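One file, structure.txt, is given below (compact mmCIF, C-alpha atoms).
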# COMPACT_ATOMS: atom_id res chain seq x y z
CA MET Z 1 75.26 -31.11 254.79
CA TRP Z 2 77.31 -33.72 256.66
CA LEU Z 3 77.70 -35.68 253.42
CA LEU Z 4 78.96 -32.60 251.61
CA ILE Z 5 81.41 -31.73 254.39
CA THR Z 6 82.68 -35.31 254.58
CA GLY Z 7 83.17 -35.38 250.83
CA LEU Z 8 85.06 -32.09 250.81
CA VAL Z 9 87.36 -33.24 253.64
CA VAL Z 10 88.10 -36.60 251.98
CA THR Z 11 88.67 -34.90 248.63
CA GLY Z 12 90.96 -32.25 250.09
CA LEU Z 13 93.11 -34.70 252.03
CA SER Z 14 93.34 -37.12 249.10
CA TRP Z 15 94.14 -34.30 246.69
CA ALA Z 16 96.99 -33.18 248.93
CA ALA Z 17 98.27 -36.76 249.12
CA ALA Z 18 98.02 -37.22 245.35
CA TRP Z 19 100.19 -34.18 244.62
CA SER Z 20 102.57 -34.52 247.55
CA ARG Z 21 104.64 -37.42 246.19
CA LEU Z 22 104.66 -38.99 249.67
CA GLY Z 23 105.19 -42.65 248.82
CA LEU Z 24 102.24 -44.92 249.58
CA ALA Z 25 99.96 -41.98 250.43
CA THR Z 26 100.37 -40.74 246.87
CA GLU Z 27 100.36 -44.16 245.22
CA TYR Z 28 96.99 -45.10 246.70
CA SER Z 29 95.32 -41.67 246.63
CA PHE Z 30 93.19 -42.14 243.50
CA PHE Z 31 90.43 -44.24 245.04
CA PRO Z 32 89.82 -42.06 248.14
CA LEU Z 33 90.09 -38.91 246.02
CA TRP Z 34 87.26 -40.07 243.78
CA VAL Z 35 85.22 -41.43 246.66
CA GLY Z 36 85.54 -37.91 248.05
CA TYR Z 37 84.32 -36.49 244.74
CA ILE Z 38 81.36 -38.88 244.72
CA LEU Z 39 80.42 -37.96 248.31
CA THR Z 40 80.83 -34.25 247.56
CA VAL Z 41 78.61 -34.37 244.49
CA ASN Z 42 75.92 -36.34 246.30
CA GLY Z 43 76.21 -34.03 249.32
CA LEU Z 44 75.80 -31.01 247.05
CA SER Z 45 72.73 -32.62 245.54
CA GLU Z 46 71.25 -33.30 248.99
CA THR Z 47 71.95 -29.71 250.05
CA LEU Z 48 70.43 -28.12 246.95
CA PHE Z 49 67.62 -30.53 246.07
CA ARG Z 50 67.13 -32.66 249.21
CA THR Z 51 67.78 -35.77 247.17
CA SER Z 52 70.70 -37.48 245.45
CA LEU Z 53 71.49 -40.58 243.46
CA LEU Z 54 73.10 -42.05 246.57
CA SER Z 55 70.02 -41.51 248.74
CA ARG Z 56 67.67 -42.84 246.06
CA MET Z 57 69.69 -46.01 245.53
CA GLY Z 58 70.76 -46.63 249.12
CA TRP Z 59 72.97 -49.69 249.46
CA ARG Z 60 72.33 -50.49 245.79
CA PHE Z 61 74.64 -47.58 245.00
CA LEU Z 62 77.54 -49.94 245.76
CA ALA Z 63 76.53 -51.97 242.71
CA LEU Z 64 77.68 -49.03 240.55
CA PHE Z 65 81.23 -49.58 241.82
CA ALA Z 66 81.07 -53.25 240.87
CA VAL Z 67 79.70 -52.77 237.35
CA SER Z 68 82.21 -49.98 236.71
CA ILE Z 69 85.19 -52.34 236.81
CA PRO Z 70 84.41 -54.49 233.73
CA MET Z 71 83.30 -51.43 231.78
CA TRP Z 72 86.62 -49.66 232.12
CA TRP Z 73 88.60 -52.86 231.51
CA PHE Z 74 86.76 -52.96 228.19
CA PHE Z 75 88.19 -49.51 227.40
CA GLU Z 76 91.62 -50.72 228.47
CA TYR Z 77 91.24 -53.46 225.89
CA MET Z 78 90.24 -50.89 223.28
CA ASN Z 79 93.27 -48.85 224.25
CA SER Z 80 95.49 -51.87 223.65
CA ILE Z 81 94.48 -51.39 220.00
CA VAL Z 82 94.81 -47.61 219.66
CA HIS Z 83 97.44 -46.91 222.37
CA ASN Z 84 96.03 -43.46 223.12
CA TRP Z 85 96.87 -43.38 226.83
CA HIS Z 86 99.70 -44.79 228.92
CA TYR Z 87 100.30 -45.08 232.65
CA LEU Z 88 103.36 -43.82 234.50
CA PHE Z 89 104.35 -45.25 237.89
CA ALA Z 90 106.81 -44.10 240.51
CA ALA Z 91 108.35 -47.59 240.49
CA PRO Z 92 107.79 -50.85 238.60
CA ILE Z 93 104.90 -52.97 239.88
CA SER Z 94 103.83 -56.54 239.13
CA SER Z 95 101.01 -57.38 236.77
CA LEU Z 96 98.89 -58.69 239.65
CA HIS Z 97 99.50 -55.52 241.66
CA TYR Z 98 98.51 -53.39 238.69
CA GLU Z 99 95.35 -55.40 237.96
CA ILE Z 100 94.13 -55.23 241.57
CA GLN Z 101 94.95 -51.56 242.07
CA ALA Z 102 93.57 -50.60 238.66
CA SER Z 103 90.32 -52.47 239.26
CA ILE Z 104 89.80 -50.69 242.57
CA ASP Z 105 90.43 -47.32 240.90
CA PHE Z 106 88.26 -48.15 237.88
CA SER Z 107 85.35 -48.89 240.22
CA THR Z 108 84.84 -45.16 240.84
CA VAL Z 109 84.14 -44.20 237.21
CA ILE Z 110 80.42 -44.96 236.94
CA PRO Z 111 79.46 -43.68 240.43
CA ALA Z 112 81.29 -40.41 239.71
CA VAL Z 113 79.73 -39.85 236.28
CA LEU Z 114 76.19 -40.77 237.27
CA SER Z 115 76.29 -38.83 240.55
CA ALA Z 116 77.40 -35.68 238.71
CA SER Z 117 74.82 -36.32 235.97
CA PHE Z 118 72.07 -36.57 238.58
CA VAL Z 119 72.96 -33.11 239.87
CA ALA Z 120 73.06 -31.68 236.35
CA PHE Z 121 69.68 -33.25 235.64
CA GLN Z 122 68.13 -31.62 238.70
CA PHE Z 123 69.40 -28.23 237.51
CA LEU Z 124 68.32 -28.66 233.89
CA ARG Z 125 64.95 -30.33 234.42
CA ARG Z 126 63.48 -26.91 235.18
CA GLU Z 127 64.63 -25.66 231.79
CA ARG Z 128 62.27 -28.07 229.99
CA LEU Z 129 64.72 -28.81 227.22
CA THR Z 130 62.66 -29.92 224.25
CA GLN Z 131 63.08 -30.15 220.54
CA ILE Z 132 60.86 -31.19 217.66
CA GLN Z 133 60.19 -34.86 218.01
CA ALA Z 134 62.10 -37.00 215.53
CA ARG Z 135 61.20 -40.55 214.69
CA ILE Z 136 64.27 -42.78 214.55
CA PRO Z 137 63.75 -45.78 212.25
CA GLN Z 138 64.34 -49.12 213.89
CA ALA Z 139 66.11 -50.20 210.72
CA ALA Z 140 68.70 -47.46 211.32
CA LEU Z 141 69.31 -48.74 214.83
CA ALA Z 142 69.64 -52.30 213.58
CA ALA Z 143 72.05 -51.16 210.91
CA GLY Z 144 74.07 -49.29 213.53
CA PHE Z 145 74.25 -52.41 215.68
CA VAL Z 146 75.56 -54.50 212.77
CA LEU Z 147 77.91 -51.70 211.80
CA THR Z 148 79.66 -51.89 215.17
CA PHE Z 149 81.28 -55.17 214.16
CA VAL Z 150 82.47 -53.69 210.88
CA LEU Z 151 83.80 -50.58 212.59
CA PHE Z 152 85.60 -52.68 215.18
CA ALA Z 153 87.39 -54.51 212.40
CA VAL Z 154 88.28 -51.18 210.78
CA LEU Z 155 89.58 -49.90 214.13
CA GLN Z 156 91.93 -52.85 214.38
CA LEU Z 157 93.20 -52.37 210.83
CA PHE Z 158 93.65 -48.59 210.98
CA PRO Z 159 93.91 -47.62 214.69
CA ASN Z 160 95.73 -44.32 214.10
CA GLU Z 161 93.14 -43.08 211.63
CA THR Z 162 90.00 -44.35 213.37
CA PHE Z 163 90.75 -43.97 217.10
CA PRO Z 164 87.59 -41.84 217.75
CA LEU Z 165 85.61 -45.03 217.11
CA VAL Z 166 86.59 -46.12 220.62
CA TRP Z 167 83.93 -43.67 221.88
CA ILE Z 168 81.39 -44.27 219.10
CA ILE Z 169 81.27 -48.06 218.72
CA PRO Z 170 79.89 -48.67 222.28
CA ILE Z 171 77.02 -46.21 221.67
CA LEU Z 172 76.08 -47.88 218.41
CA PHE Z 173 76.15 -51.24 220.19
CA LEU Z 174 74.31 -50.29 223.40
CA GLU Z 175 71.61 -48.00 222.03
CA PRO Z 176 69.81 -50.61 219.87
CA LEU Z 177 69.84 -53.03 222.81
CA ASN Z 178 68.30 -50.46 225.14
CA TYR Z 179 65.80 -49.44 222.46
CA ALA Z 180 64.62 -53.03 222.12
CA PHE Z 181 64.91 -54.38 225.67
CA ASN Z 182 65.08 -51.34 227.96
CA PRO Z 183 63.01 -48.63 226.22
CA GLY Z 184 62.84 -46.29 229.18
CA ALA Z 185 66.61 -45.77 229.04
CA SER Z 186 66.91 -45.45 225.27
CA PHE Z 187 68.22 -42.10 224.02
CA SER Z 188 66.49 -42.70 220.70
CA ARG Z 189 63.13 -43.01 222.44
CA LEU Z 190 63.85 -39.88 224.48
CA ILE Z 191 64.58 -37.98 221.26
CA GLU Z 192 61.37 -39.35 219.74
CA ARG Z 193 59.49 -37.80 222.67
CA GLY Z 194 61.47 -34.56 222.48
CA GLN Z 195 63.06 -35.14 225.91
CA LEU Z 196 66.68 -33.99 225.79
CA THR Z 197 67.29 -33.13 229.44
CA LEU Z 198 68.84 -36.48 230.35
CA PRO Z 199 71.32 -36.77 227.45
CA VAL Z 200 72.33 -33.11 227.81
CA SER Z 201 72.83 -33.60 231.56
CA LEU Z 202 75.00 -36.66 230.96
CA ALA Z 203 77.13 -34.85 228.38
CA LEU Z 204 77.69 -31.75 230.53
CA ALA Z 205 78.31 -33.61 233.78
CA THR Z 206 80.77 -36.03 232.20
CA PHE Z 207 82.65 -33.13 230.63
CA VAL Z 208 83.01 -31.52 234.07
CA THR Z 209 83.97 -34.84 235.66
CA GLY Z 210 86.48 -35.44 232.89
CA PHE Z 211 88.03 -32.03 233.52
CA CYS Z 212 88.47 -33.04 237.19
CA TRP Z 213 90.05 -36.35 236.13
CA GLU Z 214 92.60 -34.51 234.02
CA PHE Z 215 93.21 -31.77 236.60
CA TRP Z 216 93.94 -34.10 239.52
CA ASN Z 217 95.93 -36.43 237.29
CA TYR Z 218 98.37 -33.72 236.19
CA TYR Z 219 100.66 -33.66 239.26
CA SER Z 220 99.84 -37.16 240.49
CA LEU Z 221 101.96 -40.29 240.31
CA PRO Z 222 100.83 -42.85 239.19
CA LYS Z 223 99.29 -40.87 236.34
CA TRP Z 224 98.31 -41.25 232.71
CA VAL Z 225 99.59 -39.44 229.63
CA TYR Z 226 98.26 -39.34 226.08
CA THR Z 227 99.62 -40.06 222.65
CA ILE Z 228 96.80 -39.26 220.22
CA PRO Z 229 97.46 -39.04 216.47
CA TYR Z 230 96.72 -35.78 214.64
CA VAL Z 231 95.26 -33.93 217.66
CA ASP Z 232 98.13 -34.21 220.16
CA PHE Z 233 98.52 -30.44 220.60
CA CYS Z 234 97.21 -27.53 222.69
CA LYS Z 235 97.04 -29.60 225.86
CA ILE Z 236 95.02 -28.70 228.93
CA PHE Z 237 96.83 -30.68 231.61
CA GLU Z 238 97.81 -33.96 229.87
CA MET Z 239 94.75 -34.08 227.59
CA PRO Z 240 94.83 -32.43 224.13
CA LEU Z 241 92.09 -29.82 223.80
CA LEU Z 242 90.16 -31.77 221.17
CA GLY Z 243 90.35 -34.87 223.36
CA TYR Z 244 87.83 -33.33 225.76
CA LEU Z 245 85.20 -33.75 223.04
CA GLY Z 246 85.17 -37.46 223.84
CA TYR Z 247 83.83 -36.98 227.36
CA PRO Z 248 80.20 -36.17 226.39
CA PHE Z 249 80.11 -39.36 224.33
CA PHE Z 250 81.57 -41.27 227.25
CA GLY Z 251 78.73 -40.03 229.45
CA LEU Z 252 76.19 -41.54 227.06
CA ILE Z 253 78.13 -44.81 227.09
CA VAL Z 254 78.21 -44.92 230.89
CA PHE Z 255 74.47 -44.39 231.17
CA GLY Z 256 73.57 -46.81 228.35
CA TYR Z 257 75.81 -49.54 229.75
CA THR Z 258 74.69 -49.11 233.36
CA ALA Z 259 71.02 -48.92 232.42
CA LEU Z 260 71.26 -52.17 230.48
CA VAL Z 261 73.20 -54.00 233.19
CA LEU Z 262 70.83 -52.89 235.96
CA ARG Z 263 67.84 -53.88 233.84
CA VAL Z 264 69.25 -57.37 233.30
CA ILE Z 265 70.45 -57.94 236.86
CA THR Z 266 67.79 -56.22 238.98
CA GLY Z 267 65.02 -55.29 236.53
CA GLU Z 268 65.45 -51.65 237.60
CA ASN Z 269 65.03 -48.70 235.23
CA LEU Z 270 67.90 -46.27 235.72
CA VAL Z 271 65.78 -43.38 234.43
CA ASP Z 272 63.42 -43.88 237.37
CA LEU Z 273 66.23 -42.93 239.73
CA PHE Z 274 66.75 -39.59 238.02
CA SER Z 275 63.21 -38.29 237.74
CA ALA Z 276 59.71 -39.28 238.77
CA GLU Z 277 58.44 -37.48 235.67
CA ALA Z 278 60.78 -39.46 233.46
CA ALA Z 279 59.64 -42.67 235.11
CA GLU Z 280 55.98 -41.83 234.45
CA ALA Z 281 56.77 -41.03 230.82
CA SER Z 282 58.62 -44.30 230.51
CA GLU Z 283 55.62 -46.23 231.87
CA ARG Z 284 53.24 -44.48 229.47
CA PHE Z 285 55.55 -45.29 226.58
CA GLY Z 286 55.58 -48.91 227.59

Once you've parsed the file, please lay out its structure as structure tokens.
Amino acid sequence: MWLLITGLVVTGLSWAAAWSRLGLATEYSFFPLWVGYILTVNGLSETLFRTSLLSRMGWRFLALFAVSIPMWWFFEYMNSIVHNWHYLFAAPISSLHYEIQASIDFSTVIPAVLSASFVAFQFLRRERLTQIQARIPQAALAAGFVLTFVLFAVLQLFPNETFPLVWIIPILFLEPLNYAFNPGASFSRLIERGQLTLPVSLALATFVTGFCWEFWNYYSLPKWVYTIPYVDFCKIFEMPLLGYLGYPFFGLIVFGYTALVLRVITGENLVDLFSAEAAEASERFG
């Protein structure tokens, strides 16, 4: 309960600072606001289920902050092609200032998404979400991997027409790698076993987390705004309604990327941290 209370207090104070337009308190409110969100979500998980991603990882949880930074800089690079979002500041800042502050803020993305997904997984695991098992040909995965390079070229040539590829290309790239080298964290292998709880949890939790991103961003400064071709209408906060459809895909990207990085760096299976049952299934599958 202390974790939940601490998270709520940090979130509340940071939220007030973010919307108050009080100089430095507002300018540097993003990081503590999302640390508060992360603590709140993990505290809620501890309260409801007596476990959380934070408690299961311990000090290793800090690694999620580190690996989050390069992931979101990748999306900043992709945005330099499509120009779908732009940042507004209260006053001009230097490039070095921006890069340092942005990196600190970007570090919260993966911990927030995975912490929320852990809670969603604990709720949904009792529902036993299953479907008819479907075999996914390895040739299709290989073709998808090769296709990412073609699609990236197409994205550069026609950014206004193909901007949704920003949220599709990483999945097509990461999934074959996880399928081959990190099978326990492969969505294709989960589908082959009829286990949909994890991908559904990721999609739902990232949608909720995305809604919070957009909500807190609306009256903040610095903030981001969107310019998205063809769908830039019917906005909820700054995000066009149809833009929220990208968040479930982003959740799959976050998990696939983090699972692969942890596997390479520490040899750890990210699925093991979500569910003992999933870990056992992964071991049986090989």

Restrict the calculation to all atoms listed in the file, then for each residue of region 172-239 of chain Z with any atom at most 12 Å from an atom of region 38-56 of chain Z give the closest atom pair and their distance in Å to one decimal, rows by chain and rising residue number, as JSON lines.
{"residue": "Z:Ala205", "atom": "CA", "partner": "Z:Val41", "partner_atom": "CA", "distance": 10.7}
{"residue": "Z:Val208", "atom": "CA", "partner": "Z:Val41", "partner_atom": "CA", "distance": 11.7}
{"residue": "Z:Thr209", "atom": "CA", "partner": "Z:Ile38", "partner_atom": "CA", "distance": 10.3}
{"residue": "Z:Cys212", "atom": "CA", "partner": "Z:Ile38", "partner_atom": "CA", "distance": 11.9}

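You can rank Z:Val231, Z:Val35, Z:Val10, Z:Leu24 by their closest distance to Ser115 (chain Z) using only C-alpha atoms, and at the top of that list sits Z:Val35.
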
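The space between CA of Asn160 (chain Z) and CA of Ala91 (chain Z) spans 29.4 Å.
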
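Proximity to Asp272 (chain Z) was assessed for Z:Trp72, Z:Phe31, Z:Phe118, Z:Tyr244 counting only C-alpha atoms; the smallest distance is recorded for Z:Phe118.
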
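With only the atoms specified (only C-alpha atoms) counting, those residues at most 12 Å away from (65.5, -53.8, 223.5) are Gln138, Leu141, Ala142, Phe145, Phe173, Leu174, Glu175, Pro176, Leu177, Asn178, Tyr179, Ala180, Phe181, Asn182, Pro183, Gly184, Ala185, Ser186, Ser188, Arg189, Gly256, Ala259, Leu260, Arg263, Val264 and Gly286 of chain Z.
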
Exercise. Pick from Z:Val254, Z:Val82, Z:Val146, Z:Leu273: nearest to Phe158 (chain Z), with only C-alpha atoms counted?
Worked result: Z:Val82

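Closest approach to Asp105 (chain Z) from the set Z:Ala63, Z:Leu196, Z:Leu190, Z:Leu33 is made by Z:Leu33, with distances taken over only C-alpha atoms.
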
Seminar exercise, completed: Nearest to Ile265 (chain Z), restricted to only C-alpha atoms and choosing among Z:Met239, Z:Ala143, Z:Ile5, Z:Val67, comes out as Z:Val67

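CA of Lys223 (chain Z) is positioned 13.3 Å from CA of Ser20 (chain Z).
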
Problem set entry | Option closest in space to Phe250 (chain Z), from Z:Phe149, Z:Val113, Z:Glu161, Z:Ser275 [counting only C-alpha atoms] | Z:Val113

Problem set entry | CA of Ile93 (chain Z) to CA of Phe237 (chain Z), straight-line distance in Å | 25.1 Å

For this session: Compile the contact shell of Ile110 (chain Z) as a list in words: residues with an atom at most 7 Å away, counting all atoms listed in the file, same-chain residues fewer than 5 positions apart removed.
Result: Leu64, Phe65, Ser68 and Val254 of chain Z

Listed atoms of region 158-162 of chain Z, axis-aligned box, 6 Å per side: centre and edge lengths to one decimal in Å, as AutoDock Vina command-line options?
--center_x 92.9 --center_y -45.8 --center_z 212.8 --size_x 17.7 --size_y 17.5 --size_z 15.7

Problem set entry | Protein, DNA and RNA residues within 10 Å of (81.8, -38.5, 224.5), all atoms listed in the file, as a list of chain:residue names | Z:Pro164, Z:Val166, Z:Trp167, Z:Ile168, Z:Ile171, Z:Leu202, Z:Ala203, Z:Leu204, Z:Thr206, Z:Phe207, Z:Gly243, Z:Tyr244, Z:Leu245, Z:Gly246, Z:Tyr247, Z:Pro248, Z:Phe249, Z:Phe250, Z:Gly251, Z:Leu252, Z:Ile253, Z:Val254
